[in-house]
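Report on one structure; see the data block that follows.
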Number of protein chains: 4
Amino acid sequence: MRPMVEKHEIDGLEQLRLRLAAFAEERDWQQFHSPKNLAMALIAETAELVEHFQWITQEQSRNPNPEKRSAISLELADILIYLVRIADQLDVDLIAAATDKIEINENRYPTAKVRGKALRAEEYK
Amino acid sequence: MRPMVEKHEIDGLEQLRLRLAAFAEERDWQQFHSPKNLAMALIAETAELVEHFQWITQEQSRNPNPEKRSAISLELADILIYLVRIADQLDVDLIAAATDKIEINENRYPTAKVRGKALRAEEYK
Amino acid sequence: MRPMVEKHEIDGLEQLRLRLAAFAEERDWQQFHSPKNLAMALIAETAELVEHFQWITQEQSRNPNPEKRSAISLELADILIYLVRIADQLDVDLIAAATDKIEINENRYPTAKVRGKALRAEEYK
Amino acid sequence: MRPMVEKHEIDGLEQLRLRLAAFAEERDWQQFHSPKNLAMALIAETAELVEHFQWITQEQSRNPNPEKRSAISLELADILIYLVRIADQLDVDLIAAATDKIEINENRYPTAKVRGKALRAEEYK
């Protein structure tokens with residue numbers, strides 16, 4: 001049984017979750033929305049974001065023109081939509097999970113050790 | 001100038017955004033967090049989610065054991081973290097963008113036309 | 001029935017295809033190697049390549065140190081391995097397909113129009 | 001200086017490498033083809049392959065109709081094209097790297113231990 005909705009969930013994400021569940025149900029798409037399939041859709045959408053940045057410099061990516069910024073916004077929306085959908089299928093509370101992960105990252109990347117360096121966790125001595 | 005925070009942002013996502021900005025600033029990582037780089041990190045994390053599902057069936061993906069479900073939660077967290085971070089760099093309001101996109105999808109996939117079918121938009125006659 | 005091997009296939013790729021097919025058969029992994037699953041494995045490997053480059057500049061990516069270059073070589077190998085494997089499952093001749101695609105690209109990106117510009121096909125006027 | 005072409009490279013891949021290098025040079029695209037950028041383009045193409053399979057079953061993915069199979073062939077071609085291009089930029093011999101990786105995999109996944117099981121390396125006891 002799904003746990004009762006906790007306080008920090010009553011927010012934009014929770015409304016989004018409900019709306020997306022209704023969207024899928026109205027179309028009888030629940031049958032296609034296995035976590036396996038949704039993960040594929042999620043990465044396909046993420047790649048559309050990557051595509052916007054593939055031939056430009058980092059500096060250019062910080063300053064998209066309005067038309068491009070608007071297109072990028074919709075790609076970010078697609079990513080959020082599938083992310084919320086897959087979390088819903090697996091009964092994962094995204095904000096709680098992110099909070100857990102930030103604590104892990106705070107231990108893994110202590111400020112004194114990593115300041116100004118961008119390595120992967122296993123590359124720090 | 002960043003627009004004033006709108007009402008629907010005062011929620012879990014907004015708190016998350018602020019916390020992640022502080023996390024990066026404390027480590028002087030802002031310099032690495034161009035949208036181009038963050039998009040790469042985002043897709044790398046998304047692929048770690050995909051990896052959990054690559055050899056199992058759709059049915060199995062709907063019922064992960066507790067250990068696997070917990071690992072998957074942290075992957076979803078990583079995706080949300082980078083998604084919020086990139087949206088912050090580009091001043092995109094994720095909930096507003098998702099709301100816009102859902103409206104587009106409602107027009108693109110009218111219930112009567114797509115019910116029970118999972119095609120890509122261009123594949124519907 | 002698989003078409004007869006054509007001349008341009010008798011090369012490194014063809015030997016690789018045969019060796020990978022034997023590798024999977026010896027392990028009874030053919031059952032897991034649906035194109036759907038292999039596409040997931042392929043993108044997971046590709047993301048490991050992306051991860052090597054996510055926090056570095058374009059210039060740095062052109063000059064990896066020997067240790068990093070060696071790690072990258074093995075990621076490229078993983079990508080080729082899954083690519084050959086999926087092509088084999090679908091009876092696609094990779095070299096012939098690439099030749100076809102280069103012809104398409106030559107028409108889509110005529111030198112006079114695209115010289116020195118890196119846009120996506122739909123962005124050229 | 002680029003090492004002399006070795007024997008096993010004189011095949012379809014080597015011809016492809018030369019043709020793609022000329023294609024980029026004629027368009028003055030060498031400047032955009034850093035390994036960082038090419039890795040992004042590569043994963044974007046790989047995601048287009050994933051997209052073909054996201055809503056269908058494994059069984060369906062084994063039997064695409066001719067139209068779909070042809071579209072998939074061109075996606076595989078795009079992946080090979082960027083893979084060859086990035087290997088060229090980093091002076092990596094793809095066939096040699098794949099041969100090395102297969103040897104690693106033979107040790108990592110001994111037949112007796114993994115037969116009929118599809119786990120990730122770290123999941124085998």
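Labels for the structure tokens follow display order: chains A, B, ..., residues from 1 in each chain, ligands from 1.
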
query: Which residues of chain D are close to chain A, meaning at most 9 Å apart when you count only C-alpha atoms, and how do they look as a PyMOL selection string?
result: chain D and resi 32-33+36-41+43-51+53-56

At a cut-off of 9 Å, using only C-alpha atoms, what residues contact region 105-109 of chain C? Leave out same-chain residues fewer than 4 positions from it and give the result as a compact mmCIF listing (two decimals) with N, CA, C and O atoms, in the first residue's frame.
```
# COMPACT_ATOMS: atom_id res chain seq x y z
N ASP C 100 25.64 4.27 -46.61
CA ASP C 100 24.35 4.89 -46.98
C ASP C 100 24.17 6.22 -46.24
O ASP C 100 23.75 7.21 -46.82
N LYS C 101 24.50 6.21 -44.95
CA LYS C 101 24.24 7.41 -44.15
C LYS C 101 25.16 8.56 -44.56
O LYS C 101 24.75 9.72 -44.55
N LYS C 113 27.20 25.35 -48.02
CA LYS C 113 26.19 25.88 -47.09
C LYS C 113 26.63 25.81 -45.64
O LYS C 113 26.26 26.66 -44.82
N VAL C 114 27.38 24.79 -45.27
CA VAL C 114 27.62 24.52 -43.85
C VAL C 114 29.05 24.79 -43.41
O VAL C 114 29.37 24.65 -42.23
N ARG C 115 29.90 25.19 -44.34
CA ARG C 115 31.32 25.33 -44.02
C ARG C 115 31.56 26.19 -42.77
O ARG C 115 31.13 27.34 -42.70
N ALA C 121 20.62 20.08 -38.65
CA ALA C 121 20.11 20.17 -40.03
C ALA C 121 18.96 21.18 -40.15
O ALA C 121 18.93 21.99 -41.06
N PHE D 23 35.34 14.25 -44.79
CA PHE D 23 34.02 14.90 -44.68
C PHE D 23 34.09 16.09 -43.72
O PHE D 23 33.60 17.19 -44.03
N ARG D 27 34.31 20.52 -44.54
CA ARG D 27 33.33 21.45 -43.95
C ARG D 27 33.94 22.32 -42.85
O ARG D 27 33.21 23.05 -42.17
```

Can you provide chain C as a compact mmCIF listing (two decimals) with C-alpha atoms, in the first residue's frame, superposed onto chain D by least squares across all C-alpha atoms matched in order?
```txt
# COMPACT_ATOMS: atom_id res chain seq x y z
CA MET C 1 52.60 11.12 -34.59
CA ARG C 2 49.94 8.67 -35.60
CA PRO C 3 51.25 5.08 -35.46
CA MET C 4 51.50 3.21 -38.73
CA VAL C 5 48.29 1.55 -39.76
CA GLU C 6 48.31 -2.01 -38.54
CA LYS C 7 47.14 -4.93 -40.58
CA HIS C 8 43.81 -5.54 -38.95
CA GLU C 9 42.87 -1.90 -39.52
CA ILE C 10 42.98 -2.21 -43.28
CA ASP C 11 39.32 -2.95 -43.58
CA GLY C 12 35.93 -1.31 -43.62
CA LEU C 13 36.61 0.70 -40.48
CA GLU C 14 39.80 2.22 -41.84
CA GLN C 15 38.14 3.33 -45.05
CA LEU C 16 35.30 4.77 -43.02
CA ARG C 17 37.72 6.66 -40.79
CA LEU C 18 39.41 8.28 -43.77
CA ARG C 19 36.15 9.23 -45.41
CA LEU C 20 34.76 10.80 -42.25
CA ALA C 21 37.95 12.77 -41.68
CA ALA C 22 37.68 14.18 -45.21
CA PHE C 23 33.99 14.95 -44.68
CA ALA C 24 34.77 17.01 -41.58
CA GLU C 25 37.76 18.74 -43.11
CA GLU C 26 35.85 19.83 -46.22
CA ARG C 27 33.29 21.49 -43.94
CA ASP C 28 35.86 22.95 -41.55
CA TRP C 29 34.18 21.02 -38.76
CA GLN C 30 37.40 19.75 -37.19
CA GLN C 31 37.16 22.74 -34.79
CA PHE C 32 33.86 21.39 -33.37
CA HIS C 33 34.98 17.76 -33.18
CA SER C 34 36.60 17.69 -29.76
CA PRO C 35 36.18 14.33 -28.01
CA LYS C 36 33.92 16.10 -25.50
CA ASN C 37 31.54 17.31 -28.21
CA LEU C 38 31.69 14.07 -30.18
CA ALA C 39 30.80 12.08 -27.05
CA MET C 40 27.70 14.27 -26.70
CA ALA C 41 26.74 13.73 -30.33
CA LEU C 42 27.35 10.01 -29.94
CA ILE C 43 25.02 9.66 -26.98
CA ALA C 44 22.36 11.78 -28.68
CA GLU C 45 22.42 9.37 -31.62
CA THR C 46 22.36 6.35 -29.34
CA ALA C 47 19.26 7.74 -27.67
CA GLU C 48 17.53 7.87 -31.06
CA LEU C 49 18.11 4.13 -31.26
CA VAL C 50 16.72 3.64 -27.76
CA GLU C 51 13.65 5.65 -28.72
CA HIS C 52 12.73 3.08 -31.37
CA PHE C 53 12.47 0.40 -28.70
CA GLN C 54 11.06 2.28 -25.71
CA TRP C 55 7.39 1.30 -25.88
CA ILE C 56 7.68 -2.14 -27.47
CA THR C 57 8.37 -5.52 -25.95
CA GLN C 58 11.65 -7.39 -26.23
CA GLU C 59 9.96 -9.82 -28.58
CA GLN C 60 8.72 -7.03 -30.83
CA SER C 61 12.19 -5.52 -30.86
CA ARG C 62 13.52 -8.75 -32.38
CA ASN C 63 11.17 -8.45 -35.34
CA PRO C 64 10.91 -4.89 -36.65
CA ASN C 65 8.97 -4.43 -39.89
CA PRO C 66 11.06 -3.48 -42.95
CA GLU C 67 10.39 0.23 -42.63
CA LYS C 68 11.37 0.30 -38.98
CA ARG C 69 14.38 -1.95 -39.60
CA SER C 70 15.59 0.45 -42.22
CA ALA C 71 15.22 3.43 -39.88
CA ILE C 72 17.09 1.52 -37.19
CA SER C 73 19.93 0.73 -39.63
CA LEU C 74 20.49 4.43 -40.15
CA GLU C 75 20.58 5.03 -36.39
CA LEU C 76 23.20 2.29 -36.04
CA ALA C 77 25.12 3.99 -38.85
CA ASP C 78 25.07 7.32 -36.99
CA ILE C 79 26.44 5.63 -33.89
CA LEU C 80 29.24 3.96 -35.83
CA ILE C 81 30.08 7.23 -37.57
CA TYR C 82 30.55 9.17 -34.34
CA LEU C 83 32.32 6.26 -32.70
CA VAL C 84 34.88 6.06 -35.52
CA ARG C 85 35.26 9.82 -35.47
CA ILE C 86 35.99 10.03 -31.75
CA ALA C 87 38.38 7.08 -31.91
CA ASP C 88 40.19 8.87 -34.73
CA GLN C 89 40.53 12.06 -32.69
CA LEU C 90 42.10 10.08 -29.86
CA ASP C 91 44.20 7.75 -32.06
CA VAL C 92 42.44 4.68 -30.71
CA ASP C 93 42.39 1.50 -32.79
CA LEU C 94 38.82 0.28 -32.24
CA ILE C 95 39.37 -3.34 -33.23
CA ALA C 96 42.46 -3.63 -31.02
CA ALA C 97 40.58 -2.04 -28.10
CA ALA C 98 37.63 -4.41 -28.58
CA THR C 99 39.99 -7.38 -28.66
CA ASP C 100 41.54 -6.23 -25.38
CA LYS C 101 38.11 -5.74 -23.85
CA ILE C 102 36.88 -9.18 -24.87
CA GLU C 103 39.86 -10.72 -23.08
CA ILE C 104 38.99 -8.75 -19.95
CA ASN C 105 35.38 -9.91 -20.23
CA GLU C 106 36.42 -13.54 -20.64
CA ASN C 107 38.17 -13.34 -17.28
CA ARG C 108 35.42 -11.33 -15.62
CA TYR C 109 32.60 -13.61 -16.76
CA PRO C 110 33.84 -17.21 -16.76
CA THR C 111 31.32 -19.49 -18.44
CA ALA C 112 30.87 -21.78 -15.46
CA LYS C 113 29.94 -18.89 -13.18
CA VAL C 114 27.64 -16.80 -15.34
CA ARG C 115 25.92 -19.30 -17.62
CA GLY C 116 22.28 -18.29 -18.13
CA LYS C 117 22.52 -15.40 -15.67
CA ALA C 118 22.55 -11.73 -16.60
CA LEU C 119 23.88 -9.81 -13.65
CA ARG C 120 26.30 -6.94 -13.50
CA ALA C 121 29.89 -7.98 -12.69
CA GLU C 122 29.63 -6.81 -9.08
CA GLU C 123 26.41 -8.76 -8.50
CA TYR C 124 27.93 -12.22 -8.95
CA LYS C 125 29.05 -13.66 -5.62
```

Could you give me the residues within region 22-114 of chain C that DSSP places in helix (DSSP H, G or I), as an mmCIF file with N, CA and C atoms, in the first residue's frame?
```
data_model
loop_
_atom_site.group_PDB
_atom_site.id
_atom_site.type_symbol
_atom_site.label_atom_id
_atom_site.label_comp_id
_atom_site.auth_asym_id
_atom_site.auth_seq_id
_atom_site.Cartn_x
_atom_site.Cartn_y
_atom_site.Cartn_z
ATOM 1 N N ALA C 22 29.726 -16.046 -30.366
ATOM 2 C CA ALA C 22 30.176 -17.244 -29.639
ATOM 3 C C ALA C 22 30.229 -16.969 -28.135
ATOM 4 N N PHE C 23 30.708 -15.788 -27.778
ATOM 5 C CA PHE C 23 30.792 -15.392 -26.363
ATOM 6 C C PHE C 23 29.412 -15.470 -25.706
ATOM 7 N N ALA C 24 28.413 -14.934 -26.372
ATOM 8 C CA ALA C 24 27.050 -14.939 -25.816
ATOM 9 C C ALA C 24 26.473 -16.341 -25.775
ATOM 10 N N GLU C 25 26.743 -17.108 -26.821
ATOM 11 C CA GLU C 25 26.159 -18.448 -26.878
ATOM 12 C C GLU C 25 26.735 -19.353 -25.783
ATOM 13 N N GLU C 26 28.051 -19.261 -25.575
ATOM 14 C CA GLU C 26 28.686 -20.066 -24.532
ATOM 15 C C GLU C 26 28.088 -19.790 -23.155
ATOM 16 N N GLN C 30 22.072 -15.366 -25.161
ATOM 17 C CA GLN C 30 21.268 -14.986 -26.317
ATOM 18 C C GLN C 30 19.858 -14.559 -25.872
ATOM 19 N N GLN C 31 19.327 -15.270 -24.849
ATOM 20 C CA GLN C 31 17.973 -14.963 -24.348
ATOM 21 C C GLN C 31 17.838 -13.526 -23.834
ATOM 22 N N PHE C 32 18.935 -12.942 -23.336
ATOM 23 C CA PHE C 32 18.871 -11.569 -22.802
ATOM 24 C C PHE C 32 19.153 -10.522 -23.887
ATOM 25 N N PRO C 35 17.200 -6.760 -29.083
ATOM 26 C CA PRO C 35 17.618 -5.404 -29.458
ATOM 27 C C PRO C 35 17.221 -4.362 -28.398
ATOM 28 N N LYS C 36 16.067 -4.523 -27.794
ATOM 29 C CA LYS C 36 15.651 -3.577 -26.750
ATOM 30 C C LYS C 36 16.672 -3.539 -25.603
ATOM 31 N N ASN C 37 17.018 -4.713 -25.094
ATOM 32 C CA ASN C 37 17.982 -4.759 -23.988
ATOM 33 C C ASN C 37 19.374 -4.294 -24.420
ATOM 34 N N LEU C 38 19.782 -4.702 -25.601
ATOM 35 C CA LEU C 38 21.120 -4.313 -26.072
ATOM 36 C C LEU C 38 21.216 -2.801 -26.277
ATOM 37 N N ALA C 39 20.125 -2.180 -26.712
ATOM 38 C CA ALA C 39 20.136 -0.721 -26.871
ATOM 39 C C ALA C 39 20.322 -0.044 -25.514
ATOM 40 N N MET C 40 19.731 -0.625 -24.470
ATOM 41 C CA MET C 40 19.910 -0.079 -23.126
ATOM 42 C C MET C 40 21.363 -0.232 -22.663
ATOM 43 N N ALA C 41 21.926 -1.407 -22.904
ATOM 44 C CA ALA C 41 23.319 -1.636 -22.519
ATOM 45 C C ALA C 41 24.246 -0.709 -23.300
ATOM 46 N N LEU C 42 23.922 -0.511 -24.560
ATOM 47 C CA LEU C 42 24.741 0.360 -25.407
ATOM 48 C C LEU C 42 24.753 1.798 -24.889
ATOM 49 N N ILE C 43 23.585 2.298 -24.509
ATOM 50 C CA ILE C 43 23.572 3.688 -24.045
ATOM 51 C C ILE C 43 24.201 3.801 -22.657
ATOM 52 N N ALA C 44 24.096 2.769 -21.861
ATOM 53 C CA ALA C 44 24.765 2.803 -20.550
ATOM 54 C C ALA C 44 26.285 2.879 -20.736
ATOM 55 N N GLU C 45 26.809 2.138 -21.700
ATOM 56 C CA GLU C 45 28.250 2.201 -21.972
ATOM 57 C C GLU C 45 28.648 3.564 -22.552
ATOM 58 N N THR C 46 27.816 4.087 -23.415
ATOM 59 C CA THR C 46 28.120 5.382 -24.019
ATOM 60 C C THR C 46 28.175 6.466 -22.945
ATOM 61 N N ALA C 47 27.317 6.345 -21.959
ATOM 62 C CA ALA C 47 27.314 7.313 -20.863
ATOM 63 C C ALA C 47 28.604 7.249 -20.051
ATOM 64 N N GLU C 48 29.205 6.052 -19.980
ATOM 65 C CA GLU C 48 30.484 5.958 -19.259
ATOM 66 C C GLU C 48 31.574 6.731 -20.003
ATOM 67 N N LEU C 49 31.463 6.763 -21.316
ATOM 68 C CA LEU C 49 32.381 7.597 -22.098
ATOM 69 C C LEU C 49 32.132 9.083 -21.807
ATOM 70 N N VAL C 50 30.882 9.464 -21.842
ATOM 71 C CA VAL C 50 30.511 10.863 -21.572
ATOM 72 C C VAL C 50 31.055 11.314 -20.213
ATOM 73 N N GLU C 51 30.945 10.406 -19.253
ATOM 74 C CA GLU C 51 31.362 10.729 -17.883
ATOM 75 C C GLU C 51 32.840 11.155 -17.823
ATOM 76 N N HIS C 52 33.657 10.559 -18.662
ATOM 77 C CA HIS C 52 35.081 10.926 -18.676
ATOM 78 C C HIS C 52 35.298 12.392 -19.064
ATOM 79 N N PHE C 53 34.352 12.933 -19.815
ATOM 80 C CA PHE C 53 34.558 14.272 -20.371
ATOM 81 C C PHE C 53 33.705 15.342 -19.700
ATOM 82 N N GLN C 58 36.878 21.255 -23.640
ATOM 83 C CA GLN C 58 37.087 20.610 -24.939
ATOM 84 C C GLN C 58 38.582 20.396 -25.188
ATOM 85 N N GLU C 59 39.364 21.417 -24.852
ATOM 86 C CA GLU C 59 40.801 21.324 -25.082
ATOM 87 C C GLU C 59 41.401 20.164 -24.280
ATOM 88 N N GLN C 60 41.013 20.080 -23.015
ATOM 89 C CA GLN C 60 41.519 18.972 -22.191
ATOM 90 C C GLN C 60 41.088 17.621 -22.757
ATOM 91 N N SER C 61 39.888 17.590 -23.333
ATOM 92 C CA SER C 61 39.414 16.300 -23.861
ATOM 93 C C SER C 61 40.224 15.844 -25.072
ATOM 94 N N ARG C 62 40.911 16.782 -25.710
ATOM 95 C CA ARG C 62 41.756 16.410 -26.856
ATOM 96 C C ARG C 62 43.096 15.816 -26.420
ATOM 97 N N PRO C 66 47.970 9.333 -20.487
ATOM 98 C CA PRO C 66 47.965 7.927 -20.937
ATOM 99 C C PRO C 66 46.989 7.043 -20.164
ATOM 100 N N GLU C 67 46.925 7.250 -18.861
ATOM 101 C CA GLU C 67 46.030 6.428 -18.043
ATOM 102 C C GLU C 67 44.576 6.658 -18.440
ATOM 103 N N LYS C 68 44.230 7.917 -18.609
ATOM 104 C CA LYS C 68 42.849 8.241 -18.974
ATOM 105 C C LYS C 68 42.551 7.771 -20.411
ATOM 106 N N ARG C 69 43.531 7.963 -21.292
ATOM 107 C CA ARG C 69 43.338 7.518 -22.681
ATOM 108 C C ARG C 69 43.095 6.017 -22.754
ATOM 109 N N SER C 70 43.776 5.300 -21.908
ATOM 110 C CA SER C 70 43.609 3.854 -21.884
ATOM 111 C C SER C 70 42.217 3.468 -21.364
ATOM 112 N N ALA C 71 41.758 4.172 -20.339
ATOM 113 C CA ALA C 71 40.403 3.913 -19.822
ATOM 114 C C ALA C 71 39.346 4.247 -20.884
ATOM 115 N N ILE C 72 39.580 5.341 -21.589
ATOM 116 C CA ILE C 72 38.644 5.738 -22.648
ATOM 117 C C ILE C 72 38.606 4.698 -23.770
ATOM 118 N N SER C 73 39.773 4.148 -24.124
ATOM 119 C CA SER C 73 39.829 3.110 -25.164
ATOM 120 C C SER C 73 38.905 1.942 -24.835
ATOM 121 N N LEU C 74 38.897 1.571 -23.554
ATOM 122 C CA LEU C 74 38.059 0.432 -23.170
ATOM 123 C C LEU C 74 36.578 0.797 -23.196
ATOM 124 N N GLU C 75 36.263 2.062 -22.951
ATOM 125 C CA GLU C 75 34.856 2.484 -23.083
ATOM 126 C C GLU C 75 34.440 2.446 -24.562
ATOM 127 N N LEU C 76 35.327 2.912 -25.427
ATOM 128 C CA LEU C 76 35.021 2.858 -26.862
ATOM 129 C C LEU C 76 34.833 1.407 -27.308
ATOM 130 N N ALA C 77 35.645 0.521 -26.738
ATOM 131 C CA ALA C 77 35.523 -0.908 -27.053
ATOM 132 C C ALA C 77 34.144 -1.431 -26.643
ATOM 133 N N ASP C 78 33.704 -1.071 -25.448
ATOM 134 C CA ASP C 78 32.380 -1.523 -24.984
ATOM 135 C C ASP C 78 31.276 -1.066 -25.926
ATOM 136 N N ILE C 79 31.406 0.169 -26.392
ATOM 137 C CA ILE C 79 30.389 0.697 -27.306
ATOM 138 C C ILE C 79 30.393 -0.100 -28.610
ATOM 139 N N LEU C 80 31.581 -0.321 -29.152
ATOM 140 C CA LEU C 80 31.660 -1.094 -30.397
ATOM 141 C C LEU C 80 31.092 -2.496 -30.206
ATOM 142 N N ILE C 81 31.414 -3.097 -29.082
ATOM 143 C CA ILE C 81 30.949 -4.464 -28.815
ATOM 144 C C ILE C 81 29.418 -4.541 -28.833
ATOM 145 N N TYR C 82 28.760 -3.649 -28.124
ATOM 146 C CA TYR C 82 27.292 -3.704 -28.119
ATOM 147 C C TYR C 82 26.700 -3.274 -29.463
ATOM 148 N N LEU C 83 27.380 -2.382 -30.135
ATOM 149 C CA LEU C 83 26.895 -1.951 -31.447
ATOM 150 C C LEU C 83 26.925 -3.111 -32.452
ATOM 151 N N VAL C 84 28.028 -3.845 -32.445
ATOM 152 C CA VAL C 84 28.159 -4.998 -33.347
ATOM 153 C C VAL C 84 27.136 -6.071 -32.981
ATOM 154 N N ARG C 85 26.930 -6.223 -31.695
ATOM 155 C CA ARG C 85 26.001 -7.256 -31.206
ATOM 156 C C ARG C 85 24.558 -6.947 -31.627
ATOM 157 N N ILE C 86 24.160 -5.695 -31.500
ATOM 158 C CA ILE C 86 22.784 -5.339 -31.857
ATOM 159 C C ILE C 86 22.607 -5.400 -33.379
ATOM 160 N N ALA C 87 23.612 -4.971 -34.119
ATOM 161 C CA ALA C 87 23.537 -5.060 -35.579
ATOM 162 C C ALA C 87 23.405 -6.526 -36.000
ATOM 163 N N ASP C 88 24.112 -7.403 -35.305
ATOM 164 C CA ASP C 88 24.044 -8.831 -35.625
ATOM 165 C C ASP C 88 22.634 -9.368 -35.370
ATOM 166 N N GLN C 89 22.046 -8.975 -34.255
ATOM 167 C CA GLN C 89 20.689 -9.453 -33.941
ATOM 168 C C GLN C 89 19.674 -9.005 -34.989
ATOM 169 N N LEU C 94 26.844 -3.068 -40.799
ATOM 170 C CA LEU C 94 27.184 -1.735 -40.287
ATOM 171 C C LEU C 94 27.909 -0.866 -41.311
ATOM 172 N N ILE C 95 28.854 -1.460 -42.016
ATOM 173 C CA ILE C 95 29.626 -0.664 -42.980
ATOM 174 C C ILE C 95 28.721 -0.197 -44.128
ATOM 175 N N ALA C 96 27.845 -1.077 -44.585
ATOM 176 C CA ALA C 96 26.913 -0.681 -45.652
ATOM 177 C C ALA C 96 25.971 0.423 -45.159
ATOM 178 N N ALA C 97 25.483 0.290 -43.933
ATOM 179 C CA ALA C 97 24.584 1.310 -43.378
ATOM 180 C C ALA C 97 25.302 2.648 -43.242
ATOM 181 N N ALA C 98 26.560 2.605 -42.789
ATOM 182 C CA ALA C 98 27.325 3.851 -42.633
ATOM 183 C C ALA C 98 27.565 4.509 -43.990
ATOM 184 N N THR C 99 27.835 3.690 -44.988
ATOM 185 C CA THR C 99 28.038 4.218 -46.342
ATOM 186 C C THR C 99 26.767 4.911 -46.832
ATOM 187 N N ASP C 100 25.638 4.267 -46.611
ATOM 188 C CA ASP C 100 24.349 4.889 -46.976
ATOM 189 C C ASP C 100 24.170 6.216 -46.239
ATOM 190 N N LYS C 101 24.499 6.215 -44.951
ATOM 191 C CA LYS C 101 24.244 7.406 -44.153
ATOM 192 C C LYS C 101 25.161 8.559 -44.559
ATOM 193 N N ILE C 102 26.385 8.233 -44.937
ATOM 194 C CA ILE C 102 27.306 9.294 -45.373
ATOM 195 C C ILE C 102 26.767 9.956 -46.646
ATOM 196 N N GLU C 103 26.196 9.158 -47.526
ATOM 197 C CA GLU C 103 25.603 9.752 -48.742
ATOM 198 C C GLU C 103 24.454 10.694 -48.385
ATOM 199 N N ILE C 104 23.623 10.268 -47.467
ATOM 200 C CA ILE C 104 22.530 11.137 -47.008
ATOM 201 C C ILE C 104 23.102 12.437 -46.432
ATOM 202 N N ASN C 105 24.137 12.300 -45.618
ATOM 203 C CA ASN C 105 24.739 13.487 -44.985
ATOM 204 C C ASN C 105 25.379 14.423 -46.011
ATOM 205 N N GLU C 106 25.943 13.844 -47.068
ATOM 206 C CA GLU C 106 26.554 14.694 -48.099
ATOM 207 C C GLU C 106 25.506 15.570 -48.779
ATOM 208 N N ASN C 107 24.310 15.036 -48.932
ATOM 209 C CA ASN C 107 23.225 15.834 -49.509
ATOM 210 C C ASN C 107 22.651 16.836 -48.506
ATOM 211 N N ARG C 108 22.586 16.393 -47.248
ATOM 212 C CA ARG C 108 21.970 17.238 -46.218
ATOM 213 C C ARG C 108 22.865 18.420 -45.826
ATOM 214 N N THR C 111 28.814 21.331 -48.705
ATOM 215 C CA THR C 111 29.966 22.076 -48.196
ATOM 216 C C THR C 111 29.741 23.583 -48.238
ATOM 217 N N ALA C 112 29.221 24.068 -49.352
ATOM 218 C CA ALA C 112 29.077 25.518 -49.523
ATOM 219 C C ALA C 112 28.163 26.135 -48.460
ATOM 220 N N LYS C 113 27.199 25.351 -48.015
ATOM 221 C CA LYS C 113 26.187 25.878 -47.087
ATOM 222 C C LYS C 113 26.634 25.809 -45.637
ATOM 223 N N VAL C 114 27.382 24.789 -45.273
ATOM 224 C CA VAL C 114 27.619 24.520 -43.850
ATOM 225 C C VAL C 114 29.052 24.791 -43.409
#
```
